[in-house]
Amino acid sequence: MDAFTQLEGMTAPLDRANVDTDQIIPKQYLKSIKRTGFGDYLFDAWRFLDQGTMGMTPNERQINHEFVLNLPQYQGASILLARDNFGCGSSREHAVWALKEFGFRAVIAPSFADIFFGNCFKNGVLPIVLEVKIVEELIAKSDGESTLHIDLESQVVTDGERTYNFEIDSALKQKMLNGMDDIAMTLAEVELIKTFEAKHKASQPWLFRG
Amino acid sequence: MAQTLYDKIWQAHDVGERIDGNSLLYIDLQLLHEVTSPQAFEGLQLADRPLWRVDANLATPDHNVPTDGRELGLSGITDEVALTQVLTLDDNCKKFGVEQFDIQDIRQGIVHVVGPEQGATLPGMTIVCGDSHTSTHGAFAALAQGVGTSEVEHVMATQCLVQNKAKNFAVEVNGKLAPHVTAKDLVLAIIGRLGTAGATGHTIEYRGQAIRDLSMEGRMTLCNMSIEAGARAGLVAVDDTTIDYIKGRPFAPAGEVWDSAVAYWRTLVSDEGAVFDSVLTIDASDIAPQVSWGTSPEMVCGIDDKVPNPETMQDPIQAESAVHALKYMDLQPGQNITDIKVDRVFIGSCTNARIEDLRAAAAAIQGGRIAENVKEALVVPGSGLVKAQAEKEGLADIFTQAGFLWRAAGCSMCLGMNPDQLGEGEHCASTSNRNFEGRQGYGGRTHLVSPAMAAAAAVAGHFVDVREIS
């Protein structure tokens, strides 16, 4: 997994609450058996006016010029500012794959849905929770020139004038800072798992069919 | 100390806290389907890692499979990309030795219908699947959670999830549901009160008389939509209803093992005096059949209500969301819910495609035919076995004689990954779980309802109060 230490980037505001993962990446693109190729379809039904299918490229599509991510000033944004409960609904990790491939490495919102939040950490995309008021201020300031600096080590977001601290689980933080592979980390404790499994099998043998 | 049901299951699966403070939670069963597993199997192979425990996995294709032409088997899948996904699941299951109910197996169906039906879902288990509606299995007092593909791969390789414990949320439903008011109406009403993020970070335990009175299928419907209130998992404690349902199912234990299993399962209830972090208490008798009017499952009201007016909403964000939703849904504030016409009807999904759902839907048809303005009404059983049972009981005939299309098992129009989709602007009375924009088809407008409400709407051509026609 890609490590995340610091990020200096432009913000783009998605001023809408309860954005679900069906909006982030619609179902017709989930037929892929790969982890890549989703960026072109991020927020598909909002970015485009026509109905897309897998394999279409953005230049074949009818662009919705009013949608915020299509406005010229937000091109190249790498920090998405969002509202409450971002990423609710379906567990599809494709949503995070699409955001990352499109260019977003961090999402700042007052709250996130649980499964999406976890999926971000598997892919080096940093979800940051800040108070509603602060997110509102950042959204108001996000004019296409506004940039933020995110420093994960010291857990601060700064816009040059003001500095905002954010909380993060220490284990998740270390994992992001080092870009560690979750599975390798867990497999380092293989004996612990095996010991547990033997005990578990003895107490609930009906859970083991093999 | 008094423990909640969730505390007990967690403790029984806590492999041990690691140096970093996170827990490893041992997983007893992983359900696999074609859409969220290929990248996980690929990751496993690229890292040259084996599947930790082959017998802890069970697979079936459900999300993208067409619901017609099933007799043609794989050649019935005309979408080549979808076919590749189904074939990839076949290949992976063969390669890794995972038991699969493939597209031609009568046991194939929606993973969350198949697991319980086979007795693969057992009380006290931890279950994961790359699908957020895995919460369904919580009906059996199993801690069942939806996970992303990276976590699917993690469980394949380690049989564990890295997780922090969630908080405990009690949803206490007292009293009795009125006749023709179902588990679906109950869960929609709960989501309406909690909001779509109301239980984020929590595991819900549904308690109270109205929950005890539900059948296992009703409890599955209820737990299924826990994720729509933000909770990763929902639970119902074990009682006789649970144990009677499991007994004799193919994967369930038998003989002496059955007896010791039952003795353990009986302990899977919250202790007297267990403390919950949050509590919602509601009276079941107040609940009317529900219909969603917006683009989030929390945007729901009773059949006898009117479409709400965003201007009267206190919370500005809620009001703004409602404005967006009404525009998308092409509805007016103050409009009677019963005046909303339906273009299509979908009876199916992991929420409502079990035999009791189909019985309730068939009963609501009452000898009628689908209305002229209804372009299509689909009935998609949750599994091949549900389909066979419904045919045996004569339900399939009732549906087809009324003009419904009778299909083969799969997720179908719940998410429209297969050819079953809404057209742009069409209103659908749907027994599924999500009314998000475009969920059932590009520009489609979903109204979430119970099976009886969907069937009644199909016959009337608009929403009707199923209590009045029954």
# chains A, B, ... in the order shown; residues from 1 in each chain; ligands from 1
$ select_by_dssp --residues "stretch 70-181 of chain B" --states "alpha helix (DSSP H)" --output "NGL selection string"
:B and (80-96 or 111-118 or 149-158)
$ residues_around --residues "stretch 151-163 of chain A" --least-positions-apart "2" --cutoff "8 Å" --atoms "only C-alpha atoms" --output "list of chain:residue names"
A:Phe4, A:Thr5, A:Gln6, A:Leu7, A:Ser146, A:Thr147, A:Leu148, A:His149, A:Asn165, A:Phe166, A:Glu167, A:Ile168, A:Lys173, A:Leu177
$ closest_residue --among "B:Leu214, B:Ile287, B:Ile317, B:Ala456" --to "chain A" --atoms "only C-alpha atoms"
B:Ile317
$ closest_atom_pairs --of "chain A" --to "chain B" --cutoff "8 Å" --atoms "only C-alpha atoms" --output "tab-separated table"
residue	atom	partner	partner_atom	distance
A:Arg16	CA	B:Ser321	CA	7.5
A:Ala17	CA	B:Ile317	CA	7.1
A:Asn18	CA	B:Thr196	CA	7.8
A:Asp20	CA	B:Phe436	CA	7.5
A:Asp22	CA	B:Arg439	CA	6.6
A:Gln23	CA	B:Glu437	CA	7.3
A:Pro26	CA	B:Arg439	CA	7.6
A:Lys27	CA	B:Met417	CA	5.8
A:Gln28	CA	B:Met417	CA	5.7
A:Leu30	CA	B:Val35	CA	6.6
A:Lys31	CA	B:Ala82	CA	5.8
A:Ser32	CA	B:Val81	CA	7.1
A:Ile33	CA	B:Pro38	CA	5.4
A:Lys34	CA	B:Gln39	CA	5.9
A:Arg35	CA	B:Gln39	CA	6.4
A:Ala45	CA	B:Gly438	CA	7.9
A:Gln51	CA	B:Tyr442	CA	6.7
A:Asn85	CA	B:Ala197	CA	6.2
A:Cys88	CA	B:Gly230	CA	7.3
A:Gly89	CA	B:Glu228	CA	6.7
A:Ser90	CA	B:Ser132	CA	5.4
A:Ser91	CA	B:Ser132	CA	5.0
A:Arg92	CA	B:Gly148	CA	5.9
A:Glu93	CA	B:Gly148	CA	5.1
A:Ala113	CA	B:Gly230	CA	6.6
A:Asp114	CA	B:Thr200	CA	6.5
A:Ile115	CA	B:Val147	CA	6.5
A:Phe116	CA	B:Gly148	CA	8.0
A:Asn119	CA	B:Gly148	CA	6.1
A:Lys122	CA	B:Ser150	CA	6.6
A:Ser170	CA	B:Asp20	CA	7.5
A:Ala171	CA	B:Asp20	CA	5.5
A:Asp182	CA	B:His154	CA	7.4
A:Ile183	CA	B:His154	CA	5.6
A:Thr186	CA	B:Thr158	CA	7.0
A:Leu187	CA	B:Thr158	CA	6.5
A:Val190	CA	B:Thr158	CA	7.9
A:Leu192	CA	B:Val15	CA	7.0
A:Ile193	CA	B:Val15	CA	6.2
A:Phe196	CA	B:Val15	CA	5.8
A:Glu197	CA	B:Tyr26	CA	8.0
A:Gln204	CA	B:Ala261	CA	7.2
A:Pro205	CA	B:Val257	CA	7.8
A:Trp206	CA	B:Pro253	CA	5.9
A:Leu207	CA	B:Asp28	CA	6.7
A:Phe208	CA	B:Asp55	CA	7.0
A:Arg209	CA	B:Asp55	CA	5.9
A:Gly210	CA	B:Asp55	CA	5.3
$ residues_around --residues "stretch 53-66 of chain A" --least-positions-apart "5" --cutoff "6 Å" --atoms "only C-alpha atoms" --output "PyMOL selection string"
chain A and resi 29+47-48
$ write_last_selection --atoms "N, CA and C atoms" --output "short mmCIF file (atom, residue, chain, number, x, y, z; two decimals), in the first residue's frame"
data_model
loop_
_atom_site.label_atom_id
_atom_site.label_comp_id
_atom_site.auth_asym_id
_atom_site.auth_seq_id
_atom_site.Cartn_x
_atom_site.Cartn_y
_atom_site.Cartn_z
N TYR A 29 -19.98 -0.37 -13.30
CA TYR A 29 -18.52 -0.49 -13.39
C TYR A 29 -17.94 -1.55 -12.44
N ARG A 47 -20.99 13.71 -12.95
CA ARG A 47 -19.99 14.34 -13.84
C ARG A 47 -20.43 14.37 -15.30
N PHE A 48 -21.30 13.41 -15.63
CA PHE A 48 -21.70 13.31 -17.04
C PHE A 48 -23.22 13.39 -17.18
#
$ residues_around --residues "B:Leu358" --least-positions-apart "3" --cutoff "10 Å" --atoms "only C-alpha atoms" --output "list of chain:residue names"
B:Ile347, B:Gly348, B:Asn352, B:Ala353, B:Arg354, B:Ile355, B:Ala361, B:Ala362, B:Ala363, B:Ala364, B:Val379, B:Val380, B:Pro381, B:Gly382, B:Val386, B:Lys387, B:Ala390, B:Leu395, B:Ala396, B:Phe399, B:Pro451, B:Ala452, B:Ala455
$ write_last_selection --atoms "C-alpha atoms" --output "short mmCIF file (atom, residue, chain, number, x, y, z; two decimals), in the first residue's frame"
data_model
loop_
_atom_site.label_atom_id
_atom_site.label_comp_id
_atom_site.auth_asym_id
_atom_site.auth_seq_id
_atom_site.Cartn_x
_atom_site.Cartn_y
_atom_site.Cartn_z
CA ILE B 347 -40.23 -8.09 -5.59
CA GLY B 348 -36.90 -9.57 -4.60
CA ASN B 352 -37.38 -9.55 0.82
CA ALA B 353 -37.03 -12.58 -1.47
CA ARG B 354 -37.71 -15.43 0.93
CA ILE B 355 -40.73 -17.72 0.85
CA ALA B 361 -46.94 -10.64 -2.02
CA ALA B 362 -49.09 -13.33 -3.67
CA ALA B 363 -51.80 -12.88 -1.04
CA ALA B 364 -51.95 -9.14 -1.70
CA VAL B 379 -40.66 -11.43 -8.97
CA VAL B 380 -37.15 -12.70 -8.32
CA PRO B 381 -36.89 -15.42 -5.65
CA GLY B 382 -33.88 -15.26 -3.36
CA VAL B 386 -37.13 -20.57 -2.69
CA LYS B 387 -38.18 -20.59 -6.34
CA ALA B 390 -42.95 -21.12 -4.40
CA LEU B 395 -47.38 -18.93 -5.79
CA ALA B 396 -45.58 -18.76 -9.12
CA PHE B 399 -47.87 -14.21 -9.97
CA PRO B 451 -43.65 -7.32 -0.49
CA ALA B 452 -47.40 -7.00 0.12
CA ALA B 455 -47.79 -6.40 -5.03
#
$ atom_distance --atom1 "atom CA of B:Asp420" --atom2 "atom CA of B:Pro66"
7.6 Å
$ atom_distance --atom1 "atom CA of B:Arg359" --atom2 "atom CA of B:Leu143"
28.7 Å
$ select_by_dssp --residues "stretch 15-107 of chain A" --states "strand (DSSP E or B)" --output "list in words"
Asp20, Phe48, Ile63, Ile79, Leu80, Leu81, Phe86, Cys88, Ala106 and Val107 of chain A
$ residues_around --residues "B:Glu117" --least-positions-apart "2" --cutoff "10 Å" --atoms "only C-alpha atoms" --output "ChimeraX atom specification"
/B:107,111-115,119-121,245-246,249-251,354,383,385-386
$ write_last_selection --atoms "N, CA, C and O atoms" --output "PDB file, in the first residue's frame"
ATOM      1  N   ARG B 107     -29.243 -24.684  -5.451  1.00  0.00           N
ATOM      2  CA  ARG B 107     -28.979 -23.970  -4.202  1.00  0.00           C
ATOM      3  C   ARG B 107     -28.387 -22.575  -4.430  1.00  0.00           C
ATOM      4  O   ARG B 107     -28.170 -21.822  -3.487  1.00  0.00           O
ATOM      5  N   VAL B 111     -26.429 -14.529  -1.675  1.00  0.00           N
ATOM      6  CA  VAL B 111     -25.627 -15.066  -0.552  1.00  0.00           C
ATOM      7  C   VAL B 111     -26.349 -14.996   0.789  1.00  0.00           C
ATOM      8  O   VAL B 111     -26.258 -15.914   1.587  1.00  0.00           O
ATOM      9  N   HIS B 112     -27.071 -13.887   1.011  1.00  0.00           N
ATOM     10  CA  HIS B 112     -27.700 -13.701   2.324  1.00  0.00           C
ATOM     11  C   HIS B 112     -29.016 -14.467   2.468  1.00  0.00           C
ATOM     12  O   HIS B 112     -29.619 -14.486   3.527  1.00  0.00           O
ATOM     13  N   VAL B 113     -29.461 -15.059   1.381  1.00  0.00           N
ATOM     14  CA  VAL B 113     -30.601 -15.976   1.459  1.00  0.00           C
ATOM     15  C   VAL B 113     -30.054 -17.401   1.599  1.00  0.00           C
ATOM     16  O   VAL B 113     -30.533 -18.196   2.401  1.00  0.00           O
ATOM     17  N   VAL B 114     -29.012 -17.676   0.831  1.00  0.00           N
ATOM     18  CA  VAL B 114     -28.432 -19.016   0.774  1.00  0.00           C
ATOM     19  C   VAL B 114     -27.814 -19.459   2.113  1.00  0.00           C
ATOM     20  O   VAL B 114     -28.040 -20.588   2.556  1.00  0.00           O
ATOM     21  N   GLY B 115     -27.037 -18.584   2.742  1.00  0.00           N
ATOM     22  CA  GLY B 115     -26.341 -18.949   3.990  1.00  0.00           C
ATOM     23  C   GLY B 115     -27.304 -19.494   5.045  1.00  0.00           C
ATOM     24  O   GLY B 115     -27.152 -20.624   5.519  1.00  0.00           O
ATOM     25  N   GLY B 119     -28.254 -23.506   6.493  1.00  0.00           N
ATOM     26  CA  GLY B 119     -27.774 -23.751   7.853  1.00  0.00           C
ATOM     27  C   GLY B 119     -26.281 -23.478   7.966  1.00  0.00           C
ATOM     28  O   GLY B 119     -25.633 -23.891   8.927  1.00  0.00           O
ATOM     29  N   ALA B 120     -25.733 -22.784   6.990  1.00  0.00           N
ATOM     30  CA  ALA B 120     -24.312 -22.392   7.054  1.00  0.00           C
ATOM     31  C   ALA B 120     -24.151 -21.248   8.048  1.00  0.00           C
ATOM     32  O   ALA B 120     -23.105 -21.074   8.657  1.00  0.00           O
ATOM     33  N   THR B 121     -25.200 -20.453   8.199  1.00  0.00           N
ATOM     34  CA  THR B 121     -25.228 -19.363   9.170  1.00  0.00           C
ATOM     35  C   THR B 121     -25.680 -19.932  10.503  1.00  0.00           C
ATOM     36  O   THR B 121     -26.778 -20.484  10.593  1.00  0.00           O
ATOM     37  N   TYR B 245     -35.584 -23.028  13.476  1.00  0.00           N
ATOM     38  CA  TYR B 245     -35.293 -22.742  12.064  1.00  0.00           C
ATOM     39  C   TYR B 245     -34.066 -23.516  11.580  1.00  0.00           C
ATOM     40  O   TYR B 245     -34.035 -24.038  10.463  1.00  0.00           O
ATOM     41  N   ILE B 246     -33.060 -23.587  12.433  1.00  0.00           N
ATOM     42  CA  ILE B 246     -31.776 -24.177  12.007  1.00  0.00           C
ATOM     43  C   ILE B 246     -31.824 -25.704  11.945  1.00  0.00           C
ATOM     44  O   ILE B 246     -31.186 -26.327  11.085  1.00  0.00           O
ATOM     45  N   ARG B 249     -31.136 -28.418   8.870  1.00  0.00           N
ATOM     46  CA  ARG B 249     -30.628 -27.826   7.617  1.00  0.00           C
ATOM     47  C   ARG B 249     -29.286 -28.474   7.254  1.00  0.00           C
ATOM     48  O   ARG B 249     -28.552 -28.922   8.136  1.00  0.00           O
ATOM     49  N   PRO B 250     -28.981 -28.523   5.935  1.00  0.00           N
ATOM     50  CA  PRO B 250     -27.839 -29.320   5.479  1.00  0.00           C
ATOM     51  C   PRO B 250     -26.508 -29.053   6.196  1.00  0.00           C
ATOM     52  O   PRO B 250     -25.780 -29.993   6.503  1.00  0.00           O
ATOM     53  N   PHE B 251     -26.174 -27.790   6.463  1.00  0.00           N
ATOM     54  CA  PHE B 251     -24.873 -27.494   7.060  1.00  0.00           C
ATOM     55  C   PHE B 251     -24.927 -27.457   8.592  1.00  0.00           C
ATOM     56  O   PHE B 251     -23.904 -27.273   9.249  1.00  0.00           O
ATOM     57  N   ARG B 354     -37.571 -14.112   0.331  1.00  0.00           N
ATOM     58  CA  ARG B 354     -37.710 -15.434   0.929  1.00  0.00           C
ATOM     59  C   ARG B 354     -39.160 -15.889   0.786  1.00  0.00           C
ATOM     60  O   ARG B 354     -40.024 -15.116   0.380  1.00  0.00           O
ATOM     61  N   SER B 383     -33.477 -17.574  -3.920  1.00  0.00           N
ATOM     62  CA  SER B 383     -32.604 -18.718  -4.235  1.00  0.00           C
ATOM     63  C   SER B 383     -33.378 -19.694  -5.113  1.00  0.00           C
ATOM     64  O   SER B 383     -34.615 -19.603  -5.216  1.00  0.00           O
ATOM     65  N   LEU B 385     -33.914 -22.678  -4.395  1.00  0.00           N
ATOM     66  CA  LEU B 385     -34.782 -23.465  -3.515  1.00  0.00           C
ATOM     67  C   LEU B 385     -36.051 -22.698  -3.143  1.00  0.00           C
ATOM     68  O   LEU B 385     -37.129 -23.291  -3.054  1.00  0.00           O
ATOM     69  N   VAL B 386     -35.939 -21.390  -2.947  1.00  0.00           N
ATOM     70  CA  VAL B 386     -37.134 -20.573  -2.687  1.00  0.00           C
ATOM     71  C   VAL B 386     -38.034 -20.627  -3.918  1.00  0.00           C
ATOM     72  O   VAL B 386     -39.261 -20.774  -3.813  1.00  0.00           O
TER      73      VAL B 386
END
$ atom_distance --atom1 "atom CA of B:Gln100" --atom2 "atom CA of B:Ala139"
23.3 Å
$ residues_around --residues "A:Asp84" --least-positions-apart "2" --cutoff "8 Å" --atoms "only C-alpha atoms" --output "MDAnalysis selection string"
chainID A and resid 17:18 82 86 109:112
$ write_last_selection --atoms "C-alpha atoms" --output "tab-separated table (two decimals), in the first residue's frame"
chain	number	residue	atom	x	y	z
A	17	ALA	CA	-24.60	15.22	2.84
A	18	ASN	CA	-24.93	11.41	2.82
A	82	ALA	CA	-17.41	16.60	1.90
A	86	PHE	CA	-19.67	10.47	3.33
A	109	ALA	CA	-15.69	15.54	6.25
A	110	PRO	CA	-17.53	15.91	9.58
A	111	SER	CA	-18.26	12.17	9.56
A	112	PHE	CA	-17.82	9.07	7.42
$ closest_residue --among "A:His94, A:His200, A:Lys141, A:Arg83" --to "A:Cys120" --atoms "only C-alpha atoms"
A:His94
